[in-house]
Structure formats: structure tokens, C-alpha cells
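A short write-up of the structure that comes next.
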Number of protein chains: 4
Amino acid sequence: MEPTDAQAACFETGIKFGSLYHQFAGTPVSPKSAASLARAMEEAIENQPACREVAVEVDEDAVAEVSADHGYAELTGRLFEAEVVVEHQGVEVVARMAMEGGYPLMRVVSVGG
Amino acid sequence: MEPTDAQAACFETGIKFGSLYHQFAGTPVSPKSAASLARAMEEAIENQPACREVAVEVDEDAVAEVSADHGYAELTGRLFEAEVVVEHQGVEVVARMAMEGGYPLMRVVSVGG
Amino acid sequence: MEPTDAQAACFETGIKFGSLYHQFAGTPVSPKSAASLARAMEEAIENQPACREVAVEVDEDAVAEVSADHGYAELTGRLFEAEVVVEHQGVEVVARMAMEGGYPLMRVVSVGG
Amino acid sequence: MEPTDAQAACFETGIKFGSLYHQFAGTPVSPKSAASLARAMEEAIENQPACREVAVEVDEDAVAEVSADHGYAELTGRLFEAEVVVEHQGVEVVARMAMEGGYPLMRVVSVGG
């Protein structure tokens, strides 16, 4: 079957998460540069179609820990959380990425009117 | 509201497309290397959860054209098409990326039982 | 032969440019998000070993032009210039990336004491 | 001072390593997909100017270990070694990346005639 509007909106939301993650994974990051990276991630993905808001929070304690040996680390899903709000064909979708069981899990939180 | 199984499956499918695109966008590509890149893109994304199949077809004519000046180009959505099949919580989703109106449009083709 | 200190410093400088380019190529960018992206690129690469300074200037006119159709574009070397200063084993190297003949050319500007 | 031919060749070699690393860092990888990824990495970077040869060896044991929990992992410098040969302005440079002290160290092995 063709997707419903809500299914299409969920697909769009997934695109934003995959983009956010794989565009920036591997970026050198340290406690000093965490804030500018988070802001660039938000503003970059907010450019994509139907994307109303992106919030990225880098876990500065985690970054400090993994940066201890060499002064910096590479961005992975263990180092940040994200929330994305998409509005597509009149349907609002909210989704989040957070660590669960040692894995950065992305999931839809709500699908609404 | 919480997402339905079909909505969650569409979200998963979107993740695969965003990942595929933004992991590999910018990769140096030429007619000679197009096949190995396509294969790596397919096998990389097929590793992701719930991903049953990924098919990437690089447009070798388009690559040849944009490679003419410098012997290679950087991968963009104008240079390949992709199809992804996800099965998540019993729902199969098929989605495609192809050029439409000068833009690499990603969309869900079918959501099934 | 083993590399001299100056040759090793030039190698380090090249690493910074390749990293800068291929980490961020493909990032969605618009006139509105250009500044945050430039800042994140600078601060990310400045984390790398021996990197004293990175300056990235996104060409906002070029971004506006390529964003006209869809509201944003993907970052390529046509849209920004960069300068990197490395100090490695007592040798300072300055290098730049700028468009030359339709190609984003990276080259060493000076190798010093 | 302007760079010598050998210094410029070392700079070119560094570009290849930075590109190789940051284009592909974060790619989903498993024991099953390691070979296609390695091949794509080699052929992609061999497209770049002055690049004569790239050899990438993914450490399948390391990949198997980090993939154990979720079936795959994301590519980092801990999971592969690489050798690049550049010939630029008549100077051949060989460089390698390998783990040293828990860090994926890139260095020039030889600069020749």
C-alpha cells in the first residue's frame, strides 16, 4: 500500500536522524569544541525539508572522559542525545536518540495531528 | 500518540536513507570506482537493524560526465539511485531515492503486511 | 629516506585538510546556517594534533545561489575557503584551500622555522 | 618559504589520509561487509590527484569483537590499517596508518627520488 501521511512523516523523521548521525560521526570533538559542533548539527539538519526543530545535546562529561588520553575524541552516538521535530503533510512527529543498553537508540516518541 | 508498528517501520527506513546518503556523500568517485562504492554502500547499510536489502545503482554516465574535468567527482544524490527494504515489527517497507525535478527525492513506495 | 621535520609537518597539514573536507562535505548548508558550520569546522579540526589554527570562510553568496531552488544545498569545496596553520616538531606550515580553475585546490603557502 | 617538491608531496599524502579517515569513519561495518568497505576505500582515494596506490586492511578480528553486541559496529581507526603511495612532482611518498599506544597514528614511512 501507499504510505499514509503519518507514515510518510515518520519516514522523513528517520531521514533526519540518519543524516544527523552519519554526517557528523567521526568529527573530532573535545569539551572545548562540543558546543559549536552541537549548534552546527542542529542548524545543518534544520535545513532539510519538513524539519521544524533539531536539538542536540553533547554529553560534556562523556566527551571529557573519552578525550582524556589524546585531548580529543571522535563523535559517536555515545557522546550526544538528539531530538528532532518534523512536520510533514500536516502530521507532527517527535523522535529522540538516547543511549539504551549501550546502544544509541533512535525512536519515535509521538505522532500527532 | 505512540507510533504504530507501520509508522515505526517507516521511521527505520528513513534512518537507512539518511545514513546511506550522508555517510557517503562527498566520496571521490569515477567510472572506474563506481561499482566498488555501490557495493560498499549496500553492504554497509544492510548491517543496520531491520534492514533486509539495499540496492544502489550508480549512474555511470552521470559520473563520467562530472568526472570529465578532473578525472573524478564527489558523490552526490545526482549520481546514484537507491532502494531500501526494511522489515520491522512484521511490517515491510520499500523506499526509493531517485532524481525528481533536479532533486534527489527519497520516498516510501509501499508499506505492507 | 625518512622524512625531515619539515616534510612531516607538511604531511600533518595535509591530514588536516583532508579531514576538514571529507568530514563536512555533504553537510546541508544555507545562508542561515553557514556561520555555525564554519565555526564547528574550525573548532573540530583545531582539536587534531599539532593544529594551531583553522580559519574557514563560507562564501555566503555562493551558498545563496546554490540554495535558491530547494532552500539549502550540500557543502562542497566550491562553497568555502580554508586556511590551516600547523606547528609540528618546531616547523610551522601554512596551507590554504581556494577555487582555482573550477577546482578547490589545496596547497602549502609557506614552510617556516 | 615556498614548499619544496618533497614537502608538497608530503602535504598531498596527508590529504589522502585525512580524506580516507574522515570520509569513512562511522560507516556501519561487520565481518561480512569488511571486504567491500576496504575495497571501496582504496578505489575512492586512488581517484585523488597524484595518488598511485592505496591499500586498506580491515582487522576482521577487531571488527568481530566490536560487532559482537549489535551485529555491527562503526568504522574507526582501531579497525583498519592503511598504506598510501603518492607520486607528486617526481617525488614518491609512502605513508602508513597503524595503531600505536591506543591511537591510530598516521606517519610518513619514506620520501624518495
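To be explicit about the labels: the chains of the C-alpha cells are called A, B, and onward in the order shown, and within each one the residues are counted from 1, while ligands get numbers from 1 in the order they are shown.
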Which polymer residues have any atom within 9 Å of an atom of region 68-73 of chain C, counting only C-alpha atoms, with same-chain residues fewer than 5 positions away left out, as number ranges by chain?
-> A: 47-49; B: 103; C: 26-31, 63
Selection file, N, CA, C and O atoms, as a PDB file, in the first residue's frame:
```
ATOM      1  N   ASN A  47      17.915  22.580   8.035  1.00  0.00           N
ATOM      2  CA  ASN A  47      17.755  22.964   6.626  1.00  0.00           C
ATOM      3  C   ASN A  47      16.934  21.965   5.834  1.00  0.00           C
ATOM      4  O   ASN A  47      16.370  22.315   4.800  1.00  0.00           O
ATOM      5  N   GLN A  48      16.918  20.717   6.280  1.00  0.00           N
ATOM      6  CA  GLN A  48      16.267  19.688   5.457  1.00  0.00           C
ATOM      7  C   GLN A  48      14.751  19.890   5.416  1.00  0.00           C
ATOM      8  O   GLN A  48      14.156  20.438   6.347  1.00  0.00           O
ATOM      9  N   PRO A  49      14.123  19.424   4.335  1.00  0.00           N
ATOM     10  CA  PRO A  49      12.689  19.637   4.147  1.00  0.00           C
ATOM     11  C   PRO A  49      11.855  19.116   5.321  1.00  0.00           C
ATOM     12  O   PRO A  49      12.143  18.032   5.849  1.00  0.00           O
TER      13      PRO A  49
ATOM     14  N   TYR B 103      16.240  17.200  -7.966  1.00  0.00           N
ATOM     15  CA  TYR B 103      16.474  16.991  -6.542  1.00  0.00           C
ATOM     16  C   TYR B 103      16.389  15.496  -6.251  1.00  0.00           C
ATOM     17  O   TYR B 103      15.475  14.824  -6.728  1.00  0.00           O
TER      18      TYR B 103
ATOM     19  N   GLY C  26      29.037  17.468   2.052  1.00  0.00           N
ATOM     20  CA  GLY C  26      27.701  16.873   2.059  1.00  0.00           C
ATOM     21  C   GLY C  26      26.797  17.427   3.145  1.00  0.00           C
ATOM     22  O   GLY C  26      25.592  17.144   3.142  1.00  0.00           O
ATOM     23  N   THR C  27      27.338  18.213   4.072  1.00  0.00           N
ATOM     24  CA  THR C  27      26.502  18.792   5.133  1.00  0.00           C
ATOM     25  C   THR C  27      25.470  19.758   4.536  1.00  0.00           C
ATOM     26  O   THR C  27      25.840  20.619   3.741  1.00  0.00           O
ATOM     27  N   PRO C  28      24.214  19.630   4.928  1.00  0.00           N
ATOM     28  CA  PRO C  28      23.214  20.606   4.470  1.00  0.00           C
ATOM     29  C   PRO C  28      23.600  22.011   4.953  1.00  0.00           C
ATOM     30  O   PRO C  28      23.908  22.192   6.143  1.00  0.00           O
ATOM     31  N   VAL C  29      23.596  22.970   4.045  1.00  0.00           N
ATOM     32  CA  VAL C  29      24.011  24.328   4.403  1.00  0.00           C
ATOM     33  C   VAL C  29      23.130  25.340   3.674  1.00  0.00           C
ATOM     34  O   VAL C  29      22.696  25.109   2.545  1.00  0.00           O
ATOM     35  N   SER C  30      22.852  26.436   4.356  1.00  0.00           N
ATOM     36  CA  SER C  30      22.067  27.527   3.781  1.00  0.00           C
ATOM     37  C   SER C  30      22.707  28.826   4.262  1.00  0.00           C
ATOM     38  O   SER C  30      23.580  28.797   5.130  1.00  0.00           O
ATOM     39  N   PRO C  31      22.278  29.955   3.712  1.00  0.00           N
ATOM     40  CA  PRO C  31      22.848  31.210   4.218  1.00  0.00           C
ATOM     41  C   PRO C  31      22.687  31.333   5.742  1.00  0.00           C
ATOM     42  O   PRO C  31      23.589  31.830   6.429  1.00  0.00           O
ATOM     43  N   VAL C  63      26.658  30.144  -1.470  1.00  0.00           N
ATOM     44  CA  VAL C  63      25.659  29.308  -0.785  1.00  0.00           C
ATOM     45  C   VAL C  63      24.243  29.767  -1.153  1.00  0.00           C
ATOM     46  O   VAL C  63      23.363  28.946  -1.444  1.00  0.00           O
TER      47      VAL C  63
END
```
Which residues come within 8 Å of His22 (chain D), counting only C-alpha atoms, excluding same-chain residues fewer than 4 positions away, as JSON, numbers by chain?
-> {"A": [26, 27], "C": [18, 19, 22, 23], "D": [18]}
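Excluding Ala6 (chain B) itself and any same-chain residue fewer than 2 positions from it, the protein and nucleic acid residues within 8 Å of it, counting only C-alpha atoms, are Gln7 of chain A; Pro3, Thr4, Ala8, Ala9, Cys10, Gln89, Val91 and Val111 of chain B.
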Using only C-alpha atoms, which of the listed residues (C:Met99, C:Val56, C:Lys32, C:Arg107) sits closest to Ile15 (chain D)?
->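 The closest residue to Ile15 (chain D) is C:Arg107.
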So what do you get for CA of Phe11 (chain D) versus CA of Glu12 (chain C), distance-wise?
->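 Distance reported for this atom pair: 7.3 Å.
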Up to 6 Å from chain A, what residues of chain C turn up? Count only C-alpha atoms and give them as number ranges by chain.
-> C: 28-29, 33, 36-37, 40, 43-44
If you measure from CA of Glu100 (chain D) to CA of Arg78 (chain D), what distance in Å do you get, rounded to one decimal?
-> 9.8 Å
Return as an MDAnalysis selection string the full set of residues in chain D whose backbone-based DSSP assignment is alpha helix (DSSP H).
-> chainID D and resid 5:24 34:46 60:66
All residues 6 Å or closer to region 81-85 of chain C, only C-alpha atoms, same chain fewer than 2 positions away omitted, as number ranges by chain | C: 52-57, 93-98
Where does DSSP see strand (DSSP E) in chain A, if you list the residues as a PyMOL selection string?
-> chain A and resi 28-29+51-58+73-74+80-88+91-100+103-112
B:Val86, B:Val108, B:Ala50, B:Leu79 ranked by distance to Val66 (chain B), top pick (using only C-alpha atoms) |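 Under the stated criterion, the closest residue is B:Leu79.
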What is the distance, in Å and to one decimal place, between CA of Val58 (chain C) and CA of Tyr21 (chain C)?
-> 12.6 Å
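Counting only C-alpha atoms, the residue from A:Gly112, A:Cys51, A:Phe80, A:Leu75 that sits nearest to Thr13 (chain A) is A:Cys51.
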